[in-house]
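Notes follow once the structure below has been shown.
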Amino acid sequence: MVSTNYAPEHAGIGPYATQIAEHWAAGGAEVHVLAGMPHYPAWRLDPAYAGVWRTEEERAGVRVHRRRHTVPPRQTAVRRALFEASVLGHGLYAPPAMGRPDAVVAQLPSLAGGIIGARLARRHRVPYVPVVQDLMGAAAAQSGIRGGGRVAAAAGAAESYALRRATLVGVIHETFIPKVAALGVPEDRIRLVPNWSHVASPSRPPEETRARLGWRPGRTVLLHSGNMGLKQGLEVLVAAARLDPELQVVLMGDGNQRRALGELAGTLPNLQFAPPADDADFPDILAAADVLAVTQRASVLDMSIPSKLTSYFAAGRPVLASVAAAGGTAQEVERSGAGVVVAPEDPRALLDAVRALADDPDRADALGACGPVYVREHLSREAGLARIDALLAEALGEPPAPAVVPAAGDDEGAEVK
């Protein structure tokens, strides 16, 4: 597997890459992962890897080969290009020392990872299977990154290079299919492999967690968890906090926009920045909030489905999506029945929706209750990994394994965030 993001990273793509690789290793396969240095979502190098250029380590039976790359603290088109170039250059110059693999799987949006995967598969004459978690070309055009318009075409060309050479291409949402097909991949080689919920179910009473966090009784808490990047458009939450002093807004996580958001918020007393939660606390903190927010810039349509959604649904609280109605994120929230969608970049619409949920706790609870049901029926870890197994088996020309159907009441969430 080629995946720039890997454990010990807790958020984004890393947990999925890790669980796939460890699942294969647990099944008896020899698994190698070519990864970057841990840096996400803070976009700061993990201090444990300071000064390390290349290293090999074993994690849960997986051989992880790490290669040094740049880590831009702020995102611009030029800095992102340098990041990808450093991943590509080091990965091609020093590929993993290993025998001939049976197949190569790559996790995109890393353009470098896609190209490295395609090159390794071609060198060894084995099937190549990229899984598209995000589309970097569309991201450059839609996310608002400075200079993104100039690099969207170049990023799209790199994605096309990587994807057209694939035996099969996995995509995590159906809204990605037209984009991938437009990059030159025949639709009969595209397979849908949705992500799954990879967090445990809440284990503590919400009141206990709220008291520990200092959240005042009776006050509505709107929580956003995850990456604080450009495409999230988190300024809308800062504006909502400014409009309603009685609303407690919590931004939990890290990212390259964390400092800018702090400067924008100033001394707002009802807006709290919190560090990423520990694995054990994460599900309980989500479940203690009144409303869970997912936000995106209005321009974000078909390049990304936030990985936080699977965790939100498992928490059993209503989801408020401030996103474009035509995008995949809105479709997923509406399909789950676990939340409501409002216009993006509109703090007044967001605030009105929060107030409506706070004024109607029965409706809020009913929406929240739909999330765990949706996880159990569609987003179980077992079903997700079975889809990945089936994708790989098809690429290898092997017969598919029997479909996995979660048992009623199955708790598929006993995994770290």
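Labeling convention for the structure tokens: chains A, B, ... as they appear, residues from 1 per chain, ligands from 1 in order of appearance.
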Practice task
Quick one: everything within 12 Å of stretch 386-389 of chain A, counting only C-alpha atoms, minus sequence neighbours fewer than 6 positions away in the same chain. Send it as a VMD selection string.
Solution key: chain A and resid 16 to 17 19 to 21 23 to 24 27 105 to 107 129 to 131 168 to 172 191 to 196 378 to 380 395 to 396 398 to 406
Would you output that residue set with N, CA and C atoms, as a short mmCIF file (atom, residue, chain, number, x, y, z; two decimals), in the first residue's frame?
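Writing the result to again_11.cif gives the following:
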data_model
loop_
_atom_site.label_atom_id
_atom_site.label_comp_id
_atom_site.auth_asym_id
_atom_site.auth_seq_id
_atom_site.Cartn_x
_atom_site.Cartn_y
_atom_site.Cartn_z
N TYR A 16 -8.16 4.83 8.02
CA TYR A 16 -8.66 3.85 7.04
C TYR A 16 -7.52 3.06 6.43
N ALA A 17 -6.45 3.74 6.02
CA ALA A 17 -5.29 3.04 5.48
C ALA A 17 -4.74 2.05 6.50
N GLN A 19 -6.30 0.59 9.10
CA GLN A 19 -7.17 -0.55 9.37
C GLN A 19 -7.17 -1.55 8.20
N ILE A 20 -7.09 -1.05 6.97
CA ILE A 20 -7.01 -1.96 5.82
C ILE A 20 -5.75 -2.80 5.89
N ALA A 21 -4.60 -2.13 6.08
CA ALA A 21 -3.33 -2.85 6.11
C ALA A 21 -3.28 -3.86 7.25
N HIS A 23 -5.80 -5.26 8.73
CA HIS A 23 -6.76 -6.32 8.42
C HIS A 23 -6.12 -7.37 7.51
N TRP A 24 -5.40 -6.93 6.50
CA TRP A 24 -4.72 -7.89 5.62
C TRP A 24 -3.65 -8.67 6.38
N GLY A 27 -4.97 -11.36 8.46
CA GLY A 27 -5.41 -12.49 7.66
C GLY A 27 -4.27 -13.34 7.13
N VAL A 105 -1.81 -1.15 -3.83
CA VAL A 105 -2.99 -0.33 -3.53
C VAL A 105 -2.51 1.04 -3.10
N ALA A 106 -3.15 2.09 -3.58
CA ALA A 106 -2.77 3.46 -3.20
C ALA A 106 -3.98 4.21 -2.68
N GLN A 107 -3.74 5.06 -1.68
CA GLN A 107 -4.78 5.91 -1.14
C GLN A 107 -4.59 7.32 -1.68
N VAL A 129 -4.43 -0.76 -7.76
CA VAL A 129 -5.78 -0.41 -7.32
C VAL A 129 -5.73 0.85 -6.46
N PRO A 130 -5.97 2.02 -7.02
CA PRO A 130 -6.09 3.22 -6.18
C PRO A 130 -7.49 3.36 -5.60
N VAL A 131 -7.56 3.88 -4.38
CA VAL A 131 -8.83 4.18 -3.73
C VAL A 131 -8.90 5.69 -3.56
N LEU A 168 -8.42 -1.48 -11.39
CA LEU A 168 -9.73 -1.03 -10.94
C LEU A 168 -9.51 0.21 -10.07
N VAL A 169 -10.52 1.07 -10.00
CA VAL A 169 -10.46 2.27 -9.16
C VAL A 169 -11.60 2.22 -8.16
N GLY A 170 -11.28 2.35 -6.88
CA GLY A 170 -12.31 2.45 -5.85
C GLY A 170 -12.59 3.91 -5.54
N VAL A 171 -13.85 4.26 -5.33
CA VAL A 171 -14.24 5.61 -4.92
C VAL A 171 -15.14 5.49 -3.70
N ILE A 172 -15.05 6.44 -2.78
CA ILE A 172 -15.79 6.32 -1.52
C ILE A 172 -17.21 6.86 -1.60
N ARG A 191 -15.37 1.19 -8.94
CA ARG A 191 -16.16 0.48 -7.94
C ARG A 191 -16.41 1.38 -6.73
N LEU A 192 -17.58 1.27 -6.15
CA LEU A 192 -17.94 2.06 -4.98
C LEU A 192 -17.52 1.30 -3.71
N VAL A 193 -16.66 1.93 -2.91
CA VAL A 193 -16.17 1.33 -1.66
C VAL A 193 -16.26 2.37 -0.54
N PRO A 194 -17.45 2.61 -0.01
CA PRO A 194 -17.63 3.65 1.02
C PRO A 194 -16.77 3.39 2.26
N ASN A 195 -16.39 4.48 2.92
CA ASN A 195 -15.71 4.37 4.21
C ASN A 195 -16.67 3.85 5.26
N TRP A 196 -16.15 3.55 6.43
CA TRP A 196 -16.94 2.97 7.50
C TRP A 196 -16.69 3.76 8.79
N HIS A 378 -25.15 0.34 7.24
CA HIS A 378 -24.41 0.68 6.03
C HIS A 378 -22.92 0.93 6.23
N LEU A 379 -22.51 1.27 7.45
CA LEU A 379 -21.14 1.74 7.65
C LEU A 379 -20.37 0.89 8.66
N SER A 380 -20.68 -0.39 8.75
CA SER A 380 -19.93 -1.22 9.68
C SER A 380 -18.51 -1.44 9.19
N ALA A 395 -9.50 -7.36 -8.72
CA ALA A 395 -8.32 -6.92 -9.47
C ALA A 395 -7.33 -8.08 -9.67
N LEU A 396 -7.28 -8.99 -8.70
CA LEU A 396 -6.38 -10.14 -8.79
C LEU A 396 -6.99 -11.30 -9.57
N GLU A 398 -9.57 -13.08 -8.53
CA GLU A 398 -10.01 -14.13 -7.61
C GLU A 398 -11.53 -14.05 -7.42
N PRO A 399 -12.17 -15.15 -7.04
CA PRO A 399 -13.61 -15.10 -6.77
C PRO A 399 -13.90 -14.25 -5.54
N PRO A 400 -14.99 -13.50 -5.54
CA PRO A 400 -15.31 -12.66 -4.38
C PRO A 400 -15.71 -13.49 -3.18
N ALA A 401 -15.42 -12.96 -1.99
CA ALA A 401 -15.85 -13.60 -0.75
C ALA A 401 -17.33 -13.32 -0.52
N PRO A 402 -18.00 -14.12 0.32
CA PRO A 402 -19.41 -13.85 0.63
C PRO A 402 -19.58 -12.45 1.22
N ALA A 403 -20.71 -11.83 0.91
CA ALA A 403 -20.98 -10.49 1.42
C ALA A 403 -21.12 -10.52 2.93
N VAL A 404 -20.71 -9.42 3.57
CA VAL A 404 -20.83 -9.30 5.02
C VAL A 404 -22.09 -8.52 5.34
N VAL A 405 -22.96 -9.12 6.13
CA VAL A 405 -24.19 -8.45 6.57
C VAL A 405 -24.12 -8.31 8.08
N PRO A 406 -24.02 -7.08 8.60
CA PRO A 406 -23.93 -6.91 10.06
C PRO A 406 -25.14 -7.49 10.77
#
Exercise for the section: Would you mind writing down, as a ChimeraX atom specification, each residue of stretch 243-358 of chain A that DSSP on the backbone assigns to alpha helix (DSSP H)? Expected result: /A:243,258-265,282-288,308-315,328-336,347-358
Handout entry: Residue contacts of A:Leu367 (8 Å, only C-alpha atoms) excluding same-chain residues fewer than 6 positions away, as a list in words
Key =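 Using only C-alpha atoms, the neighbours found are Arg317, Pro318, Val319, Gly337, Ala338 and Gly339 of chain A.
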Write a file of the selected residues as a PDB file, in the first residue's frame, keeping N, CA and C atoms.
ATOM      1  N   ARG A 317     -25.871  12.023  17.864  1.00  0.00           N
ATOM      2  CA  ARG A 317     -26.332  13.398  18.008  1.00  0.00           C
ATOM      3  C   ARG A 317     -26.681  13.965  16.632  1.00  0.00           C
ATOM      4  N   PRO A 318     -27.595  14.945  16.563  1.00  0.00           N
ATOM      5  CA  PRO A 318     -27.979  15.482  15.257  1.00  0.00           C
ATOM      6  C   PRO A 318     -26.811  16.189  14.576  1.00  0.00           C
ATOM      7  N   VAL A 319     -26.736  16.023  13.271  1.00  0.00           N
ATOM      8  CA  VAL A 319     -25.674  16.620  12.466  1.00  0.00           C
ATOM      9  C   VAL A 319     -26.238  17.827  11.730  1.00  0.00           C
ATOM     10  N   GLY A 337     -30.561  10.378   7.380  1.00  0.00           N
ATOM     11  CA  GLY A 337     -31.688  10.812   8.198  1.00  0.00           C
ATOM     12  C   GLY A 337     -31.273  11.371   9.537  1.00  0.00           C
ATOM     13  N   ALA A 338     -29.956  11.607   9.714  1.00  0.00           N
ATOM     14  CA  ALA A 338     -29.423  11.973  11.027  1.00  0.00           C
ATOM     15  C   ALA A 338     -29.152  13.459  11.183  1.00  0.00           C
ATOM     16  N   GLY A 339     -29.580  14.279  10.230  1.00  0.00           N
ATOM     17  CA  GLY A 339     -29.265  15.695  10.367  1.00  0.00           C
ATOM     18  C   GLY A 339     -30.027  16.556   9.400  1.00  0.00           C
TER      19      GLY A 339
END
Handout entry: Residue nearest A:Leu271 - candidates A:Pro245, A:Gly253, A:Pro372, A:Gly233, atoms counted: only C-alpha atoms
Key = A:Pro245
Practice task
Find, counting only C-alpha atoms, the residue in A:Gln133, A:Tyr128, A:Glu159, A:Leu351 that gets nearest to A:Arg189.
Solution key: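 Of all the options, A:Tyr128 lies closest to A:Arg189.
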Problem - Selected residue, from A:Val300, A:Ile285, A:Val87, A:Leu264, that lies nearest to A:Ala315 when counting only C-alpha atoms - result: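 Of the candidates, the smallest distance to A:Ala315 is held by A:Ile285.
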Go through stretch 32-51 of chain A and flag each residue having an atom no more than 6 Å from stretch 64-77 of chain A; for those, report the closest pair of atoms plus their distance in Å to one decimal, using only C-alpha atoms, ordered by chain and rising number, as a Markdown table.
| residue | atom | partner | partner_atom | distance |
| --- | --- | --- | --- | --- |
| A:His32 | CA | A:Val64 | CA | 5.9 |
| A:Val33 | CA | A:Val64 | CA | 4.8 |
| A:Leu34 | CA | A:His65 | CA | 4.9 |
| A:Ala35 | CA | A:Arg66 | CA | 4.9 |
| A:Gly36 | CA | A:Arg66 | CA | 5.2 |
| A:Trp43 | CA | A:Pro73 | CA | 5.5 |
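Coordinates place atom CA of A:Ala7 at a distance of 21.4 Å from atom CA of A:Ala383.
For the residues A:Ala211, A:Ala97, A:Ala393, A:Leu350, ranking by smallest atom-to-atom distance to A:Ala240 using only C-alpha atoms places A:Leu350 first.
Nearest residue to A:Gly117, choosing from A:Pro306, A:Pro361, A:Gly91, A:Gly99 and counting only C-alpha atoms: A:Gly91.
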Practice task
Please provide the set of residues having any atom within 9 Å of stretch 332-336 of chain A, restricted to only C-alpha atoms, with same-chain residues fewer than 6 positions apart removed, written as a ChimeraX atom specification.
Solution key: /A:173,305,309,313,319-321,370-371,373-375
Can you spit out the residues from that selection as a PDB file, in the first residue's frame, using C-alpha atoms?
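Okay, part_39.pdb is ready:
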ATOM      1  CA  HIS A 173     -18.909   8.071  -2.843  1.00  0.00           C
ATOM      2  CA  ILE A 305     -16.721  13.621   1.682  1.00  0.00           C
ATOM      3  CA  LEU A 309     -19.344  12.039   9.180  1.00  0.00           C
ATOM      4  CA  PHE A 313     -23.317   9.308  12.923  1.00  0.00           C
ATOM      5  CA  VAL A 319     -25.674  16.620  12.466  1.00  0.00           C
ATOM      6  CA  LEU A 320     -25.913  20.146  11.072  1.00  0.00           C
ATOM      7  CA  ALA A 321     -24.346  20.387   7.618  1.00  0.00           C
ATOM      8  CA  CYS A 370     -30.893   7.685  13.079  1.00  0.00           C
ATOM      9  CA  GLY A 371     -27.089   7.946  13.008  1.00  0.00           C
ATOM     10  CA  VAL A 373     -28.836   2.871  12.801  1.00  0.00           C
ATOM     11  CA  TYR A 374     -27.271   4.117   9.578  1.00  0.00           C
ATOM     12  CA  VAL A 375     -23.840   3.054  10.826  1.00  0.00           C
TER      13      VAL A 375
END
Please extract the residues of stretch 47-78 of chain A with a backbone DSSP assignment of strand (DSSP E) and present them as a PDB file with C-alpha atoms, in the first residue's frame.
ATOM      1  CA  ARG A  54      14.000   7.111   6.290  1.00  0.00           C
ATOM      2  CA  THR A  55      12.794   4.523   8.729  1.00  0.00           C
ATOM      3  CA  GLU A  56      11.240   1.099   8.794  1.00  0.00           C
ATOM      4  CA  GLU A  57       8.961   0.002  11.609  1.00  0.00           C
ATOM      5  CA  GLU A  58       6.502  -2.757  12.341  1.00  0.00           C
ATOM      6  CA  ARG A  59       2.989  -1.895  13.505  1.00  0.00           C
ATOM      7  CA  VAL A  62       2.589  -4.404   8.966  1.00  0.00           C
ATOM      8  CA  ARG A  63       5.998  -3.263   7.691  1.00  0.00           C
ATOM      9  CA  VAL A  64       5.788   0.533   7.437  1.00  0.00           C
ATOM     10  CA  HIS A  65       8.445   2.265   5.313  1.00  0.00           C
ATOM     11  CA  ARG A  66       8.506   6.012   5.996  1.00  0.00           C
ATOM     12  CA  ARG A  67      10.135   8.643   3.808  1.00  0.00           C
TER      13      ARG A  67
END
